[in-house]
Every structure is written in C-alpha cells, then in structure tokens.
>>> print(open('coords_0.txt').read())   # compact mmCIF, C-alpha atoms
# COMPACT_ATOMS: atom_id res chain seq x y z
CA MET A 761 0.94 -86.95 -55.81
CA ALA A 762 4.22 -88.19 -57.27
CA GLN A 763 6.35 -90.36 -55.01
CA GLU A 764 9.21 -88.33 -53.52
CA ILE A 765 12.70 -89.78 -53.88
CA TYR A 766 15.69 -88.57 -51.86
CA VAL A 767 19.45 -88.70 -52.21
CA ASN A 768 20.84 -91.53 -50.04
CA GLU A 769 17.45 -93.25 -49.92
CA ILE A 770 17.49 -97.04 -50.03
CA ILE A 771 15.15 -98.60 -52.59
CA ARG A 772 14.43 -102.31 -52.73
CA ASP A 773 13.68 -104.00 -56.06
CA VAL A 774 11.38 -106.78 -54.87
CA VAL A 775 11.06 -108.34 -58.32
CA HIS A 776 14.78 -108.95 -58.78
CA GLU A 777 15.59 -109.03 -55.05
CA LYS A 778 18.17 -106.25 -55.23
CA THR A 779 18.74 -103.17 -53.12
CA TYR A 780 19.95 -99.77 -54.32
CA ARG A 781 21.07 -96.47 -52.82
CA VAL A 782 20.10 -93.25 -54.60
CA LEU A 783 23.25 -91.18 -55.22
CA TRP A 784 22.16 -88.09 -57.13
CA ILE A 785 19.01 -86.60 -58.63
CA SER A 786 19.01 -84.09 -61.47
CA MET A 787 17.42 -80.66 -61.11
CA PRO A 788 14.85 -80.25 -62.51
CA VAL A 789 13.99 -83.80 -61.57
CA SER A 790 14.21 -86.09 -64.60
CA PHE A 791 16.89 -88.72 -63.98
CA LEU A 792 18.91 -90.16 -61.12
CA TYR A 793 21.90 -92.36 -60.43
CA TRP A 794 21.82 -95.22 -57.97
CA ILE A 795 24.15 -98.05 -57.03
CA SER A 796 23.46 -101.64 -56.10
CA LEU A 797 24.41 -102.56 -52.53
CA ASP A 798 25.44 -105.99 -53.76
CA ASN A 799 29.12 -106.48 -52.90
CA ALA A 800 29.90 -107.63 -56.43
CA GLU A 801 28.70 -104.38 -58.06
CA ARG A 802 30.41 -101.01 -57.80
CA ILE A 803 29.31 -98.97 -60.84
CA PRO A 804 26.34 -96.53 -60.59
CA LYS A 805 23.43 -96.79 -63.01
CA LYS A 806 21.40 -93.99 -64.57
CA LEU A 807 17.59 -94.24 -64.59
CA ASP A 808 14.61 -92.03 -65.40
CA VAL A 809 12.96 -90.79 -62.22
CA ALA A 810 9.58 -91.52 -63.82
CA GLU A 811 10.57 -95.18 -64.15
CA VAL A 812 11.52 -95.42 -60.47
CA ARG A 813 8.34 -93.62 -59.38
CA ALA A 814 6.24 -95.98 -61.48
CA GLY A 815 7.96 -98.94 -59.86
CA LEU A 816 7.23 -97.53 -56.41
CA GLU A 817 3.57 -96.99 -57.27
CA LEU A 818 3.22 -100.51 -58.66
CA GLY A 819 4.98 -102.08 -55.71
CA ASP A 820 7.88 -103.42 -57.78
CA TYR A 821 10.11 -101.10 -55.73
CA ILE A 822 9.87 -100.37 -52.02
CA ALA A 823 11.37 -97.27 -50.41
CA ALA A 824 13.21 -98.63 -47.39
CA GLY A 825 14.49 -95.36 -45.89
CA GLU A 826 18.08 -95.46 -44.69
CA THR A 827 20.25 -98.43 -43.83
CA GLU A 828 20.97 -99.04 -40.17
CA ASN A 829 24.55 -98.03 -39.38
CA SER A 830 26.45 -97.69 -36.18
CA LEU A 831 26.66 -94.32 -34.49
CA ILE A 832 30.28 -93.39 -35.08
CA VAL A 833 31.67 -91.31 -32.23
CA GLU A 834 34.69 -89.33 -33.42
CA ASP A 835 36.44 -89.29 -30.04
CA GLU A 836 36.27 -93.07 -29.82
CA LEU A 837 37.98 -93.74 -33.16
CA ALA A 838 41.56 -94.93 -33.18
CA ASP A 839 44.08 -92.40 -34.52
CA GLU A 840 45.13 -94.85 -37.24
CA ALA A 841 41.54 -95.19 -38.45
CA LYS A 842 41.04 -91.42 -38.59
CA THR A 843 44.34 -90.95 -40.42
CA HIS A 844 43.38 -93.56 -43.02
CA ARG A 845 39.91 -92.00 -43.48
CA ASP A 846 41.24 -88.47 -43.81
CA ARG A 847 43.98 -89.49 -46.27
CA ILE A 848 41.50 -91.14 -48.65
CA TRP A 849 38.92 -88.38 -48.25
CA ASN A 850 41.40 -85.59 -48.95
CA MET A 851 42.64 -87.47 -52.01
CA LEU A 852 39.18 -88.02 -53.50
CA LYS A 853 36.85 -85.31 -52.18
CA ASP A 854 37.29 -82.94 -55.12
CA VAL A 855 36.37 -85.53 -57.75
CA LEU A 856 33.58 -87.04 -55.63
CA GLU A 857 31.90 -83.64 -55.61
CA LYS A 858 31.97 -83.39 -59.42
CA GLU A 859 28.41 -84.61 -59.86
CA PRO A 860 27.09 -85.95 -62.17
CA ASP A 861 30.39 -86.40 -64.07
CA ILE A 862 31.75 -88.83 -61.48
CA TYR A 863 28.85 -91.21 -62.25
CA GLU A 864 29.55 -91.38 -66.00
CA PRO A 865 32.24 -93.78 -67.33
CA LYS A 866 34.37 -91.48 -69.49
CA PRO A 867 34.41 -88.41 -67.22
CA ARG A 868 34.96 -90.66 -64.19
CA ALA A 869 37.94 -92.35 -65.84
CA ALA A 870 39.50 -88.98 -66.64
CA LEU A 871 38.97 -87.72 -63.09
CA LEU A 872 40.49 -90.84 -61.55
CA ARG A 873 43.50 -90.72 -63.88
CA MET A 874 44.15 -87.19 -62.63
CA VAL A 875 43.98 -88.28 -58.98
CA ALA A 876 46.15 -91.32 -59.67
CA GLN A 877 48.85 -89.23 -61.34
CA GLU A 878 48.88 -86.76 -58.46
CA ASN A 879 49.27 -89.55 -55.91
CA GLY A 880 51.56 -91.94 -57.77
CA MET A 881 49.12 -94.83 -58.01
CA ARG A 882 47.01 -96.74 -60.53
CA ALA A 883 43.56 -95.37 -61.35
CA ASN A 884 42.01 -98.84 -61.13
CA ASN A 885 42.96 -98.98 -57.45
CA LEU A 886 40.66 -96.03 -56.73
CA TYR A 887 37.41 -97.69 -57.83
CA PRO A 888 36.92 -99.68 -54.59
CA TYR A 889 37.08 -96.42 -52.63
CA LEU A 890 34.39 -94.87 -54.79
CA ALA A 891 32.14 -97.88 -54.27
CA LYS A 892 32.61 -97.67 -50.49
CA TYR A 893 31.75 -93.98 -50.49
CA TRP A 894 28.62 -94.41 -52.57
CA LYS A 895 27.32 -97.53 -50.85
CA ARG A 896 27.97 -96.28 -47.33
CA GLY A 897 26.02 -93.04 -47.56
CA LYS A 898 28.39 -90.54 -49.25
CA THR A 899 30.17 -89.63 -46.03
CA PRO A 900 33.92 -89.43 -45.31
CA ASN A 901 33.42 -92.07 -42.61
CA ALA A 902 32.79 -94.56 -45.40
CA PHE A 903 36.59 -94.76 -45.67
CA LEU A 904 37.06 -95.96 -42.09
CA PRO A 905 38.67 -99.41 -41.90
CA ASP A 906 36.27 -102.09 -40.61
CA TYR A 907 33.46 -99.58 -41.13
CA ARG A 908 30.68 -101.82 -39.84
CA ASN A 909 32.50 -102.40 -36.55
CA CYS A 910 33.15 -98.71 -35.87
CA GLY A 911 31.03 -96.90 -33.30
CA ARG A 912 28.26 -98.00 -31.01
CA SER A 913 25.48 -100.29 -32.17
CA ARG A 914 21.94 -99.00 -31.83
CA ASP A 915 20.54 -101.16 -29.05
CA TYR A 916 17.05 -99.76 -28.59
CA GLN A 917 15.90 -102.80 -26.65
CA LYS A 918 18.14 -101.71 -23.77
CA GLY A 919 16.77 -98.21 -23.58
CA GLY A 920 18.64 -96.44 -26.36
CA TYR A 921 21.52 -94.10 -25.68
CA LYS A 922 22.13 -92.18 -22.54
CA ARG A 923 21.13 -88.53 -22.67
CA LEU A 924 23.40 -86.47 -24.90
CA GLY A 925 24.56 -82.90 -24.46
CA ARG A 926 26.36 -80.79 -21.87
CA PRO A 927 26.23 -82.20 -18.33
CA SER A 928 23.63 -80.48 -16.17
CA ARG A 929 24.52 -78.21 -13.28
CA ASN A 930 22.92 -78.77 -9.88
CA GLY A 931 20.67 -81.37 -11.42
CA HIS A 932 19.19 -78.94 -13.93
CA GLY A 933 19.68 -79.24 -17.65
CA PHE A 934 18.11 -80.22 -20.91
CA GLY A 935 18.63 -83.44 -22.76
CA LYS A 936 16.90 -86.22 -24.61
CA VAL A 937 17.47 -89.94 -24.88
CA LEU A 938 17.56 -90.64 -28.61
CA LYS A 939 15.20 -93.34 -29.84
CA GLU A 940 14.76 -95.12 -33.15
CA ASP A 941 12.15 -92.56 -34.29
CA ASP A 942 14.61 -89.72 -33.63
CA PHE A 943 17.26 -91.23 -35.89
CA HIS A 944 14.63 -91.81 -38.56
CA ASN A 945 13.61 -88.13 -38.31
CA PHE A 946 17.24 -86.97 -38.50
CA ASP A 947 17.93 -89.11 -41.58
CA LYS A 948 14.76 -87.89 -43.28
CA ALA A 949 15.53 -84.20 -42.64
CA VAL A 950 19.11 -84.45 -43.89
CA ARG A 951 18.06 -86.31 -47.03
CA LYS A 952 15.07 -84.06 -47.70
CA TYR A 953 16.66 -80.66 -47.09
CA TYR A 954 20.46 -80.76 -46.89
CA LEU A 955 21.50 -83.35 -49.46
CA THR A 956 19.11 -82.05 -52.12
CA ARG A 957 19.42 -78.32 -51.40
CA LYS A 958 23.07 -77.59 -50.77
CA GLU A 959 22.50 -73.91 -50.05
CA MET A 960 20.77 -74.78 -46.78
CA THR A 961 22.84 -74.59 -43.61
CA PHE A 962 22.71 -77.21 -40.89
CA ARG A 963 20.93 -74.65 -38.73
CA SER A 964 18.21 -74.29 -41.36
CA VAL A 965 17.90 -78.06 -41.67
CA TYR A 966 17.63 -78.30 -37.87
CA GLU A 967 14.80 -75.77 -37.85
CA ARG A 968 12.98 -77.71 -40.59
CA LEU A 969 13.50 -80.90 -38.57
CA LEU A 970 11.85 -79.31 -35.54
CA ALA A 971 8.98 -77.98 -37.64
CA ASP A 972 8.37 -81.31 -39.37
CA SER A 973 8.79 -83.74 -36.52
CA TYR A 974 8.85 -82.01 -33.13
CA THR A 975 6.23 -79.27 -33.33
CA VAL A 976 2.85 -79.71 -31.63
CA GLU A 977 -0.18 -77.57 -32.40
CA VAL A 978 -2.11 -76.50 -29.31
CA THR A 979 -5.54 -74.81 -29.38
CA ASN A 980 -6.57 -72.61 -26.44
CA GLU A 981 -10.08 -72.00 -25.13
CA GLN A 982 -10.61 -69.20 -27.64
CA GLY A 983 -9.88 -71.59 -30.48
CA VAL A 984 -6.57 -69.89 -31.30
CA SER A 985 -3.84 -72.28 -32.39
CA SER A 986 -0.22 -71.96 -31.38
CA LEU A 987 2.88 -74.07 -31.76
>>> encode(input="coords_0.txt", output="structure tokens")
Amino acid sequence: MAQEIYVNEIIRDVVHEKTYRVLWISMPVSFLYWISLDNAERIPKKLDVAEVRAGLELGDYIAAGETENSLIVEDELADEAKTHRDRIWNMLKDVLEKEPDIYEPKPRAALLRMVAQENGMRANNLYPYLAKYWKRGKTPNAFLPDYRNCGRSRDYQKGGYKRLGRPSRNGHGFGKVLKEDDFHNFDKAVRKYYLTRKEMTFRSVYERLLADSYTVEVTNEQGVSSL
C-alpha cells in the first residue's frame, strides 16, 4: 500500500537533516509543495509525490506527524495580538487560498503586488508573512506576535489539561481530560479529512474522528457485534 501523505504533515529528511511541512497536494495525487522549517528558507518547493513516497519507504524520509505547538486559547490573547493577527490575515487570506498559484514564483509575485498596491506597501515585505503562515500550520494564528509564547504549553507530565466543556450541574456532567493521544488523533483527523477534502464540515470530520479513534467494537453472547 502506498504511503499516505497529508497536508500539514511534517516530514524529516534524515539524509540531509532537514525538516519540511507539506503545504498542498494535487488532486489527483501526483505532486505536492512543501516548505523547509529552517529559519533561513521561506520559499516552497514542488516535488513528485512518488519521489516522497519512495523516500518514506526507503527510510530516507520519516513522517513525523505534526509539530508540537501551544494550545492557543482565544480568550487569553491580548487585544493587541488579536488585532495584529486579524489585520494580516484579512490582508492576505484571499491570495493564500489561491492554491497552487501562491506556491509558484510568477503567480505569487503577481498576487503579492496586488496586495501591496491595495495596502500601500512593498510586495517584498509580505514574504515573511507567507513563510510564517506556511511554516506554522496554515492557520491565521500563525500571524500572532511571539507565536511560540502564545497559549498554554502542553504539560502532560502534570496530568494534562483540566476537563473542558460546560461546567456540570449538581455534580453531573460530561467531560474529558485531553491527553497527548487525543491531540494526535485531532491533528490526524483534521489533516486526513478536512484539509484534503474541503467540502467536509467540521461536524463530518468530528464524526470521522469518533469512528476512527474512539469507537469500540463489542460482541455480545450471540456473537453479534455492535459499536
């Protein structure tokens, strides 16, 4: 079976000791764009998917899942940080969604010139924002100042997070303390279903998540299975 590759997946090149994030995969699957997570590089590269799969099978590449980021809690962000994030996102979101053109030099240059003219700035000053967006998981929160210091760190050694959700009434309620495996399952579901199949709603992705990772098959005395 061919090695599956997902948008936002982190792939480690063990031969050259470099790490990449997958940005976009063509449909039907034939080529992809990825970007080096090295701070000195900010331009995506185009590769044949077959080449990447071969590298994974040979062990030259290792699929490393997602990078570990802080859990960013919206209500805990400073107003200035949210304003900065939203300003950059609103300025760039339309061109960032023009995939795969935004990954190619000439179309990208034309798109950035358009944004620069509309906002009274130089196009070259927009490239660092693109690199942040791509390297930090293609999320608007990539534009937060001091991104790595935003949110709560994932301290599983101290018992993970407290239970999330609506407070219980009279001691009754449902909740779950999120563990490292849960975040891995969430990342996998979003990358597998939502980021590669944009017609799927978050509700549909949630249902797939439950089916893939939180469903247990039980067989009764008559040998009938149920979930």
>>> atom_distance(input="coords_0.txt", atom1="CA of His844 (chain A)", atom2="CA of Ile832 (chain A)")
15.3 Å
>>> atom_distance(input="coords_0.txt", atom1="CA of Asp839 (chain A)", atom2="CA of Glu878 (chain A)")
25.1 Å
>>> closest_residue(input="coords_0.txt", among="A:Asp820, A:Asp972, A:Asp947, A:Asp941", to="Gly897 (chain A)", atoms="only C-alpha atoms")
A:Asp947
>>> residues_around(input="coords_0.txt", residues="Tyr893 (chain A)", least_positions_apart="3", cutoff="12 Å", atoms="only C-alpha atoms", output="VMD selection string")
chain A and resid 768 781 783 795 797 802 to 804 845 848 to 849 852 to 853 856 to 857 886 to 890 896 to 904 907
>>> closest_residue(input="coords_0.txt", among="A:Pro905, A:Ile765, A:Leu816, A:Lys858", to="Asp846 (chain A)", atoms="all atoms listed in the file")
A:Pro905
